[in-house]
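**Q** Next up, my_file_36.cif (mmCIF, C-alpha atoms).
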```cif
data_coords
loop_
_atom_site.label_atom_id
_atom_site.label_comp_id
_atom_site.auth_asym_id
_atom_site.auth_seq_id
_atom_site.Cartn_x
_atom_site.Cartn_y
_atom_site.Cartn_z
CA MET P 499 8.22 4.64 15.87
CA SER P 500 11.08 2.38 14.92
CA TRP P 501 11.96 0.08 12.06
CA LEU P 502 13.49 -2.26 14.66
CA LYS P 503 9.90 -3.35 15.36
CA TRP P 504 10.04 -5.14 11.98
CA PHE P 505 12.25 -7.65 13.75
CA GLU P 506 10.31 -8.00 16.99
CA PHE P 507 9.79 -11.72 17.52
CA ARG P 508 8.60 -11.98 21.12
CA GLY P 509 4.90 -12.76 21.35
CA ARG P 510 4.51 -12.71 17.57
CA SER P 511 3.02 -15.36 15.32
CA VAL P 512 4.60 -17.27 12.46
CA PHE P 513 3.17 -14.65 10.06
CA HIS P 514 5.22 -11.91 11.63
CA LEU P 515 8.30 -14.13 11.50
CA SER P 516 7.71 -14.58 7.77
CA TYR P 517 7.39 -10.82 7.40
CA SER P 518 10.64 -10.22 9.32
CA PHE P 519 12.54 -12.78 7.28
CA HIS P 520 11.12 -11.30 4.08
CA ARG P 521 12.55 -7.89 5.07
CA LEU P 522 15.86 -9.42 6.15
CA THR P 523 16.28 -11.51 3.00
CA GLY P 524 15.38 -8.44 0.93
CA LEU P 525 18.25 -6.52 2.52
CA VAL P 526 20.65 -9.43 1.95
CA LEU P 527 19.59 -9.60 -1.72
CA VAL P 528 20.20 -5.85 -2.15
CA LEU P 529 23.71 -6.30 -0.73
CA TYR P 530 24.26 -9.27 -3.01
CA LEU P 531 23.05 -7.25 -6.01
CA ILE P 532 25.59 -4.52 -5.22
CA MET P 533 28.33 -7.17 -4.96
CA HIS P 534 27.19 -8.83 -8.17
CA LEU P 535 27.22 -5.53 -10.07
CA SER P 536 30.66 -4.76 -8.65
CA TYR P 537 31.92 -8.07 -10.01
CA LEU P 538 30.50 -7.29 -13.43
CA THR P 539 31.97 -3.78 -13.31
CA SER P 540 35.39 -5.32 -12.70
CA LEU P 541 35.24 -6.48 -16.33
CA THR P 542 35.99 -2.90 -17.34
CA PHE P 543 39.42 -3.32 -15.68
CA GLY P 544 40.15 -6.35 -17.81
CA ARG P 545 39.32 -10.04 -18.01
CA GLU P 546 42.13 -10.94 -15.57
CA VAL P 547 40.64 -8.82 -12.77
CA TYR P 548 37.20 -10.41 -13.24
CA GLU P 549 38.64 -13.92 -13.33
CA ALA P 550 40.67 -13.22 -10.20
CA PHE P 551 37.45 -12.25 -8.39
CA ILE P 552 35.69 -15.37 -9.64
CA ALA P 553 38.62 -17.60 -8.69
CA ALA P 554 38.50 -16.19 -5.17
CA THR P 555 34.79 -16.80 -4.63
CA VAL P 556 33.69 -19.79 -6.72
CA THR P 557 35.47 -22.22 -4.41
CA PRO P 558 34.45 -24.95 -1.95
CA THR P 559 35.27 -22.49 0.88
CA PHE P 560 32.67 -20.04 -0.37
CA LEU P 561 30.14 -22.78 -1.10
CA ILE P 562 28.41 -22.36 2.26
CA PHE P 563 27.76 -18.67 1.52
CA ASP P 564 26.42 -19.56 -1.93
CA ILE P 565 24.09 -22.15 -0.42
CA LEU P 566 22.84 -19.64 2.15
CA LEU P 567 22.36 -17.07 -0.61
CA VAL P 568 20.24 -19.56 -2.54
CA LEU P 569 18.10 -20.04 0.59
CA VAL P 570 17.69 -16.27 0.92
CA GLY P 571 16.71 -15.90 -2.75
CA VAL P 572 14.32 -18.86 -2.81
CA TYR P 573 12.64 -17.82 0.46
CA HIS P 574 12.19 -14.23 -0.73
CA GLY P 575 10.80 -15.37 -4.08
CA VAL P 576 8.37 -18.02 -2.79
CA ASN P 577 7.19 -15.84 0.10
CA GLY P 578 6.77 -12.95 -2.32
CA LEU P 579 4.46 -15.06 -4.50
CA ARG P 580 2.42 -15.95 -1.39
CA LEU P 581 2.08 -12.27 -0.53
CA ILE P 582 1.05 -11.34 -4.08
CA LEU P 583 -1.65 -14.02 -3.97
CA HIS P 584 -3.11 -12.66 -0.72
CA GLU P 585 -2.73 -9.02 -1.71
CA PHE P 586 -5.03 -9.70 -4.66
CA GLY P 587 -7.57 -10.59 -1.97
CA LEU P 588 -7.33 -14.31 -2.81
CA ALA P 589 -7.20 -17.37 -0.54
CA TYR P 590 -7.02 -15.27 2.62
CA ASP P 591 -8.86 -17.84 4.72
CA ALA P 592 -6.34 -20.51 3.74
CA ARG P 593 -3.41 -18.29 4.71
CA ARG P 594 -1.98 -20.65 7.32
CA PRO P 595 -1.77 -23.80 5.14
CA ILE P 596 -0.49 -21.67 2.27
CA LEU P 597 2.24 -20.29 4.54
CA TYR P 598 3.35 -23.78 5.53
CA LEU P 599 3.20 -24.89 1.90
CA SER P 600 5.47 -21.98 0.97
CA TYR P 601 7.97 -23.13 3.60
CA LEU P 602 7.87 -26.65 2.18
CA ILE P 603 8.40 -25.42 -1.38
CA THR P 604 11.28 -23.23 -0.21
CA LEU P 605 12.93 -26.19 1.53
CA ILE P 606 12.58 -28.52 -1.46
CA VAL P 607 13.84 -25.96 -4.01
CA TRP P 608 16.69 -24.94 -1.71
CA LEU P 609 17.86 -28.51 -1.11
CA TYR P 610 17.76 -29.32 -4.83
CA ALA P 611 19.55 -26.09 -5.80
CA SER P 612 22.16 -26.64 -3.08
CA TYR P 613 22.84 -30.15 -4.38
CA LYS P 614 23.27 -28.81 -7.92
CA LEU P 615 25.57 -26.06 -6.65
CA TYR P 616 27.63 -28.56 -4.68
CA VAL P 617 28.07 -30.76 -7.74
CA PHE P 618 29.03 -27.72 -9.86
CA VAL P 619 31.64 -26.36 -7.42
CA VAL P 620 33.08 -29.52 -5.87
CA GLY P 621 32.50 -31.61 -8.98
CA VAL P 622 31.45 -34.88 -7.30
CA MET Z 1112 -14.06 -26.42 49.25
CA GLU Z 1113 -11.44 -23.72 49.72
CA GLU Z 1114 -10.28 -22.10 46.47
CA LYS Z 1115 -6.63 -22.51 45.56
CA VAL Z 1116 -4.68 -19.21 45.64
CA LYS Z 1117 -1.44 -18.84 43.72
CA ASN Z 1118 0.94 -15.91 44.15
CA ILE Z 1119 1.78 -14.39 40.77
CA ILE Z 1120 4.33 -11.64 40.18
CA PHE Z 1121 3.01 -8.78 38.06
CA ARG Z 1122 5.97 -7.03 36.39
CA ILE Z 1123 4.57 -3.74 35.11
CA LYS Z 1124 6.27 -1.23 32.85
CA ARG Z 1125 5.76 2.22 34.36
CA PHE Z 1126 6.19 5.69 32.93
CA ASP Z 1127 6.02 8.85 35.02
CA GLY Z 1128 6.16 11.37 32.18
CA GLU Z 1129 9.95 11.46 32.17
CA LYS Z 1130 11.39 8.00 32.60
CA SER Z 1131 10.39 4.36 32.20
CA TYR Z 1132 10.97 1.77 34.90
CA TRP Z 1133 9.66 -1.62 36.01
CA SER Z 1134 7.65 -2.35 39.17
CA ASP Z 1135 7.00 -5.81 40.60
CA PHE Z 1136 3.92 -6.69 42.66
CA VAL Z 1137 2.69 -9.98 44.10
CA VAL Z 1138 -0.93 -10.75 43.29
CA PRO Z 1139 -2.78 -13.65 44.97
CA ALA Z 1140 -4.59 -15.11 41.98
CA GLN Z 1141 -7.39 -17.62 42.04
CA LYS Z 1142 -9.42 -19.39 39.37
CA GLY Z 1143 -11.33 -16.93 37.17
CA MET Z 1144 -9.39 -13.84 38.24
CA THR Z 1145 -8.49 -11.61 35.31
CA VAL Z 1146 -5.38 -9.52 34.70
CA LEU Z 1147 -7.55 -6.42 35.03
CA GLU Z 1148 -8.70 -7.56 38.47
CA GLY Z 1149 -5.03 -8.06 39.31
CA LEU Z 1150 -4.29 -4.47 38.27
CA PHE Z 1151 -7.16 -3.20 40.42
CA TYR Z 1152 -5.82 -5.28 43.32
CA ILE Z 1153 -2.38 -3.66 42.95
CA LYS Z 1154 -3.93 -0.18 42.78
CA ALA Z 1155 -6.01 -0.81 45.89
CA THR Z 1156 -3.35 -2.65 47.91
CA TYR Z 1157 0.14 -1.50 46.93
CA ASP Z 1158 0.28 1.57 44.72
CA GLY Z 1159 -2.61 3.96 44.11
CA SER Z 1160 -0.59 5.81 41.48
CA LEU Z 1161 -0.62 2.87 39.06
CA SER Z 1162 -2.48 4.10 35.98
CA PHE Z 1163 -4.40 2.02 33.45
CA ARG Z 1164 -7.58 2.34 31.41
CA ALA Z 1165 -10.65 0.19 32.03
CA SER Z 1166 -14.36 0.60 31.73
CA CYS Z 1167 -16.79 -2.20 30.91
CA ARG Z 1168 -14.73 -5.13 32.30
CA MET Z 1169 -16.43 -7.44 29.83
CA GLY Z 1170 -14.56 -7.11 26.51
CA ILE Z 1171 -16.87 -4.58 24.94
CA CYS Z 1172 -15.30 -1.14 25.37
CA GLY Z 1173 -11.73 -2.01 24.29
CA SER Z 1174 -10.17 0.34 26.90
CA CYS Z 1175 -7.99 -2.17 28.74
CA ALA Z 1176 -5.83 -3.48 25.88
CA VAL Z 1177 -2.24 -3.87 27.09
CA LYS Z 1178 0.70 -6.10 26.24
CA ILE Z 1179 0.56 -9.19 28.44
CA ASN Z 1180 3.65 -11.37 28.14
CA TYR Z 1181 4.59 -9.49 24.95
CA LYS Z 1182 1.21 -9.99 23.26
CA PRO Z 1183 -1.56 -7.36 23.09
CA LYS Z 1184 -4.64 -8.60 24.90
CA LEU Z 1185 -7.68 -7.27 26.71
CA ALA Z 1186 -6.78 -7.32 30.42
CA CYS Z 1187 -10.44 -7.94 31.31
CA GLU Z 1188 -10.67 -11.07 29.14
CA THR Z 1189 -7.32 -12.61 30.10
CA GLN Z 1190 -7.42 -14.90 33.09
CA ILE Z 1191 -4.24 -14.88 35.16
CA LEU Z 1192 -4.02 -18.64 35.70
CA HIS Z 1193 -4.67 -19.34 32.00
CA LEU Z 1194 -1.31 -17.69 31.23
CA ASN Z 1195 0.45 -20.61 33.01
CA SER Z 1196 3.20 -18.38 34.25
CA SER Z 1197 4.37 -17.37 37.72
CA LYS Z 1198 5.48 -14.01 36.36
CA ILE Z 1199 3.35 -11.81 34.11
CA LYS Z 1200 4.91 -8.97 32.18
CA ILE Z 1201 2.54 -6.09 31.46
CA GLU Z 1202 3.44 -3.22 29.14
CA PRO Z 1203 1.55 -0.44 27.36
CA LEU Z 1204 0.63 -1.01 23.70
CA ASP Z 1205 3.38 -0.46 21.13
CA ASN Z 1206 3.08 2.15 18.37
CA PHE Z 1207 1.22 4.56 20.67
CA LYS Z 1208 2.66 7.40 22.71
CA VAL Z 1209 2.67 6.45 26.40
CA LEU Z 1210 1.08 9.05 28.66
CA LYS Z 1211 1.42 7.32 32.03
CA ASP Z 1212 2.15 3.72 32.99
CA LEU Z 1213 -0.21 1.63 30.82
CA ILE Z 1214 -2.20 4.55 29.40
CA THR Z 1215 -1.49 5.46 25.80
CA GLU Z 1216 -2.51 8.37 23.58
CA PHE Z 1217 -5.50 7.44 21.38
CA GLU Z 1218 -6.29 10.82 19.81
CA GLY Z 1219 -4.38 10.06 16.61
CA PHE Z 1220 -6.03 6.64 16.41
CA PHE Z 1221 -9.53 8.14 16.47
CA ALA Z 1222 -8.53 10.99 14.13
CA LYS Z 1223 -7.59 8.33 11.57
CA HIS Z 1224 -10.99 6.75 12.05
CA GLU Z 1225 -12.60 10.08 11.24
CA THR Z 1226 -10.71 10.40 7.95
CA VAL Z 1227 -12.38 7.24 6.59
CA ARG Z 1228 -15.89 8.53 7.46
CA PRO Z 1229 -17.04 5.53 9.51
CA TYR Z 1230 -20.77 6.09 9.10
CA LEU Z 1231 -23.46 5.48 6.48
CA ILE Z 1232 -23.39 8.05 3.69
CA ARG Z 1233 -26.61 8.47 1.72
CA ARG Z 1234 -27.43 10.86 -1.11
CA ASP Z 1235 -31.10 10.94 -0.13
CA ASP Z 1236 -30.80 11.61 3.60
CA ASN Z 1237 -34.09 13.02 4.77
CA TYR Z 1238 -34.26 13.27 8.54
CA ALA Z 1239 -37.76 14.81 8.40
CA GLU Z 1240 -39.19 11.71 6.74
CA PRO Z 1241 -36.83 8.81 7.43
CA VAL Z 1242 -37.28 5.63 5.40
CA GLU Z 1243 -36.36 2.09 6.37
CA LEU Z 1244 -33.39 0.73 4.45
CA ILE Z 1245 -34.07 -2.90 3.62
CA GLN Z 1246 -31.19 -5.36 3.66
CA LYS Z 1247 -31.05 -9.09 2.87
CA PRO Z 1248 -29.25 -11.46 5.31
CA LYS Z 1249 -26.57 -12.09 2.67
CA GLU Z 1250 -25.90 -8.35 2.45
CA LEU Z 1251 -25.65 -8.14 6.23
CA HIS Z 1252 -23.17 -11.03 6.40
CA ALA Z 1253 -20.91 -9.28 3.88
CA TYR Z 1254 -19.81 -6.80 6.55
CA TYR Z 1255 -21.22 -8.03 9.89
CA ASP Z 1256 -17.94 -9.44 11.29
CA PHE Z 1257 -16.25 -6.09 10.78
CA THR Z 1258 -18.87 -4.28 12.87
CA LEU Z 1259 -17.52 -6.10 15.93
CA CYS Z 1260 -14.37 -3.97 16.17
CA ILE Z 1261 -14.09 -2.46 19.67
CA LYS Z 1262 -11.23 -0.10 18.72
CA CYS Z 1263 -8.88 -1.44 21.36
CA GLY Z 1264 -5.77 -0.70 19.27
CA ALA Z 1265 -4.26 -4.21 19.58
CA CYS Z 1266 -3.98 -4.47 15.77
CA VAL Z 1267 -2.13 -1.16 15.47
CA SER Z 1268 0.19 -2.19 18.29
CA VAL Z 1269 1.61 -5.14 16.33
CA CYS Z 1270 1.50 -3.61 12.86
CA PRO Z 1271 5.04 -3.22 11.48
CA ALA Z 1272 3.86 -0.56 9.00
CA ALA Z 1273 2.40 1.51 11.84
CA SER Z 1274 5.71 1.26 13.70
CA THR Z 1275 7.57 3.17 11.00
CA ARG Z 1276 4.98 5.58 9.61
CA GLU Z 1277 2.91 7.78 11.86
CA ASP Z 1278 0.63 8.81 8.97
CA TYR Z 1279 -0.33 5.19 8.20
CA LEU Z 1280 -4.07 4.78 8.71
CA GLY Z 1281 -3.61 1.43 10.42
CA PRO Z 1282 -5.71 -1.75 10.46
CA ALA Z 1283 -8.52 -0.50 12.72
CA ALA Z 1284 -9.42 2.52 10.60
CA MET Z 1285 -9.36 0.39 7.47
CA VAL Z 1286 -11.63 -2.21 9.05
CA ALA Z 1287 -14.10 0.62 9.70
CA ALA Z 1288 -13.76 1.78 6.09
CA TYR Z 1289 -14.34 -1.71 4.72
CA ARG Z 1290 -17.29 -2.25 7.06
CA PHE Z 1291 -19.12 0.69 5.47
CA ASN Z 1292 -17.84 0.13 1.92
CA ALA Z 1293 -19.25 -3.40 2.03
CA ASP Z 1294 -22.61 -2.19 3.37
CA SER Z 1295 -25.28 -2.34 0.65
CA ARG Z 1296 -27.03 0.74 2.12
CA ASP Z 1297 -23.98 2.95 1.86
CA GLU Z 1298 -23.29 5.34 -1.02
CA GLY Z 1299 -20.04 6.91 0.15
CA LYS Z 1300 -17.52 4.38 -1.14
CA ASP Z 1301 -15.65 6.92 -3.28
CA PHE Z 1302 -15.21 9.36 -0.38
CA ARG Z 1303 -13.56 6.65 1.68
CA LEU Z 1304 -11.45 5.25 -1.15
CA ALA Z 1305 -10.04 8.73 -1.76
CA ALA Z 1306 -8.54 8.58 1.75
CA ILE Z 1307 -7.61 4.91 1.61
CA CYS Z 1308 -6.10 4.68 -1.88
CA SER Z 1309 -2.97 6.54 -0.81
CA ASP Z 1310 0.58 6.03 0.36
CA GLY Z 1311 -0.54 6.11 3.99
CA GLY Z 1312 -3.51 3.86 3.22
CA VAL Z 1313 -3.84 0.34 1.86
CA TRP Z 1314 -0.61 0.47 -0.14
CA ARG Z 1315 1.45 0.83 3.03
CA CYS Z 1316 0.28 -2.55 4.39
CA HIS Z 1317 2.89 -5.30 3.88
CA PHE Z 1318 0.63 -8.15 4.89
CA ALA Z 1319 2.37 -9.29 8.04
CA ALA Z 1320 -1.19 -10.35 9.03
CA GLU Z 1321 -0.28 -10.04 12.70
CA CYS Z 1322 -3.29 -7.76 13.21
CA SER Z 1323 -5.57 -10.72 12.50
CA GLU Z 1324 -3.61 -12.92 14.89
CA VAL Z 1325 -4.01 -10.61 17.91
CA CYS Z 1326 -7.51 -9.20 17.36
CA PRO Z 1327 -9.48 -10.08 20.53
CA LYS Z 1328 -12.70 -10.15 18.50
CA ASN Z 1329 -11.26 -12.30 15.67
CA ILE Z 1330 -12.23 -9.68 13.13
CA GLU Z 1331 -9.40 -10.35 10.65
CA PRO Z 1332 -8.33 -6.78 9.85
CA ALA Z 1333 -5.79 -8.07 7.32
CA LYS Z 1334 -8.66 -9.57 5.31
CA ALA Z 1335 -10.47 -6.21 5.25
CA ILE Z 1336 -7.31 -4.45 4.09
CA GLN Z 1337 -6.70 -6.92 1.25
CA LYS Z 1338 -10.32 -6.54 0.11
CA LEU Z 1339 -9.93 -2.75 0.28
CA ARG Z 1340 -6.79 -3.06 -1.82
CA PHE Z 1341 -8.83 -4.58 -4.63
CA GLN Z 1342 -11.49 -1.86 -4.32
CA SER Z 1343 -8.73 0.77 -4.28
CA ALA Z 1344 -7.11 -0.65 -7.42
CA ILE Z 1345 -10.43 -0.46 -9.31
CA TYR Z 1346 -10.99 3.06 -7.94
CA ALA Z 1347 -7.51 4.20 -9.04
CA ILE Z 1348 -7.94 2.74 -12.55
CA LYS Z 1349 -11.36 4.41 -12.94
CA LYS Z 1350 -9.93 7.71 -11.71
CA ALA Z 1351 -7.04 7.50 -14.15
CA LEU Z 1352 -9.36 6.69 -17.08
CA LYS Z 1353 -11.62 9.65 -16.17
CA GLY Z 1354 -8.60 11.96 -16.37
CA TRP Z 1355 -8.03 11.02 -20.04
#
```
In structure tokens, what does this structure look like?
**A**
Amino acid sequence: MSWLKWFEFRGRSVFHLSYSFHRLTGLVLVLYLIMHLSYLTSLTFGREVYEAFIAATVTPTFLIFDILLVLVGVYHGVNGLRLILHEFGLAYDARRPILYLSYLITLIVWLYASYKLYVFVVGV
Amino acid sequence: MEEKVKNIIFRIKRFDGEKSYWSDFVVPAQKGMTVLEGLFYIKATYDGSLSFRASCRMGICGSCAVKINYKPKLACETQILHLNSSKIKIEPLDNFKVLKDLITEFEGFFAKHETVRPYLIRRDDNYAEPVELIQKPKELHAYYDFTLCIKCGACVSVCPAASTREDYLGPAAMVAAYRFNADSRDEGKDFRLAAICSDGGVWRCHFAAECSEVCPKNIEPAKAIQKLRFQSAIYAIKKALKGW
């Protein structure tokens, strides 16, 4: 019995990969949530402290992390909707095309969001 | 015409009750030879202590499920040359306690089956004067696929929920539950749902759907679990309303 089996990829199908990434992105989002709440908590130490944090992270250097975070969030959200659909007992037989569709939606939303983020941070 | 023989290395994960180790054997494989036949060849030729389960040799009993090149398969239905590999890795099933070499403990697996009462439950059972229970073809097709389960344990072996919770019923037991819940002759749905609608039952499944991918009988256990989820939700709502 081991939770490491969640991330066993050898001999597994694309469905198990989706499951593993769902778990992994969930953990990343929890870490991000803790960071996000820490940032907001810094407001209690004054506006300057909060702005110093923001100035350190909303920069072109950190852009790559932001873009990856968007991918994590979009994947977790879209895959979560797919799971909810199936867990209601719906569209089970079409699970493979729906899985690929969810990947496509994730890619499109991620690319668009990344472009918007790039424009916002770099200002081009 | 002389049949082509190809030497294949069988890399087998062994367990002697104390430690795990790997053993390599060369098996001369020819067209049509199965992995199970390869295991019997090793036992007869190289090492009589090699332990594995097998019975029917025709994909019916489900005894010979092992991991072949990382994927759970029936050794009797897997042809060596179809694997297109000069080296075959054979391991016991995951999520089961290994007893010796490729033999795993199945007591817990069958105990879980018992908890879902995998048999027809009737209020009017009269063994003295049995009556025929009529069923339409449509009613038969509602559950027929799920009767094909051979209880090989391949689904449990790849289930990520079963890898972290020993008390999880697992896909095979839930397939059995759905098979009888969907049977028009059965009247024991509530008994089964009481066991299934629990933390260790349908709600523990995270829909990795890998069970459906590896099932040697293409039963789609994940489908049965999702259908049971719906039945369980209705059961839980009814139960809650009764309590008011």
**Q** Using only C-alpha atoms, which protein or nucleic acid residues come within 9 Å of region 1209-1211 of chain Z? Drop anything in the same chain fewer than 5 positions from it, and give the result as a ChimeraX atom specification.
**A** /Z:1125-1128,1161-1163,1203-1204,1216
**Q** Applied to the shown file, which residues does the PyMOL selection byres ((chain Z) within 10 of (chain P)) return, written as a VMD selection string?
**A** chain Z and resid 1178 to 1183 1205 to 1208 1269 to 1277 1314 1316 to 1325 1331 1333 to 1342 1344
**Q** Neighbours of Pro1139 (chain Z) within 7 Å (all atoms listed in the file; same-chain residues fewer than 6 positions away dropped), as a PDB file with C-alpha atoms, in the coordinates of the input?
**A**
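After the write, around_2.pdb holds the following:
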```
ATOM      1  CA  VAL Z1116      -4.680 -19.210  45.640  1.00  0.00           C
ATOM      2  CA  LYS Z1117      -1.440 -18.840  43.720  1.00  0.00           C
ATOM      3  CA  ASN Z1118       0.940 -15.910  44.150  1.00  0.00           C
ATOM      4  CA  ILE Z1119       1.780 -14.390  40.770  1.00  0.00           C
TER       5      ILE Z1119
END
```
**Q** Determine, counting all atoms listed in the file, every residue of protein, DNA or RNA that lies within 8 Å of (26.1, -13.4, -5.9) in the file coordinates, then give the result as a VMD selection string.
**A** chain P and resid 530 to 531 533 to 534 564 567
**Q** Go ahead and find all residues with at least one atom no further than 12 Å from (28.7, -27.1, -4.4) in the file's coordinates, using all atoms listed in the file; report them as a PyMOL selection string.
**A** chain P and resi 555-566+568+609-622
**Q** Could you expand the PyMOL selection byres ((chain Z and resi 1258) around 10) into the explicit residues it covers here, written as a PyMOL selection string?
**A** chain Z and resi 1254-1257+1259-1261+1286-1287+1289-1291+1330
**Q** Write the residues of the selection above to a file with C-alpha atoms, as a PDB file, in the frame of the given file.
**A**
```
ATOM      1  CA  TYR Z1254     -19.810  -6.800   6.550  1.00  0.00           C
ATOM      2  CA  TYR Z1255     -21.220  -8.030   9.890  1.00  0.00           C
ATOM      3  CA  ASP Z1256     -17.940  -9.440  11.290  1.00  0.00           C
ATOM      4  CA  PHE Z1257     -16.250  -6.090  10.780  1.00  0.00           C
ATOM      5  CA  LEU Z1259     -17.520  -6.100  15.930  1.00  0.00           C
ATOM      6  CA  CYS Z1260     -14.370  -3.970  16.170  1.00  0.00           C
ATOM      7  CA  ILE Z1261     -14.090  -2.460  19.670  1.00  0.00           C
ATOM      8  CA  VAL Z1286     -11.630  -2.210   9.050  1.00  0.00           C
ATOM      9  CA  ALA Z1287     -14.100   0.620   9.700  1.00  0.00           C
ATOM     10  CA  TYR Z1289     -14.340  -1.710   4.720  1.00  0.00           C
ATOM     11  CA  ARG Z1290     -17.290  -2.250   7.060  1.00  0.00           C
ATOM     12  CA  PHE Z1291     -19.120   0.690   5.470  1.00  0.00           C
ATOM     13  CA  ILE Z1330     -12.230  -9.680  13.130  1.00  0.00           C
TER      14      ILE Z1330
END
```
**Q** Taking the file as shown, what set of residues would the PyMOL selection byres ((chain Z and resi 1281) around 8) give back, as a list in words?
**A**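 Residues picked by the PyMOL selection byres ((chain Z and resi 1281) around 8): Cys1266, Val1267, Cys1270, Ala1272, Ala1273, Tyr1279, Leu1280, Pro1282, Ala1283, Ala1284, Met1285 and Gly1312 of chain Z.
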**Q** Would you compute the distance between CA of Thr523 (chain P) and CA of Val570 (chain P)? Give it in Å to one decimal.
**A**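 Distance reported for this atom pair: 5.4 Å.
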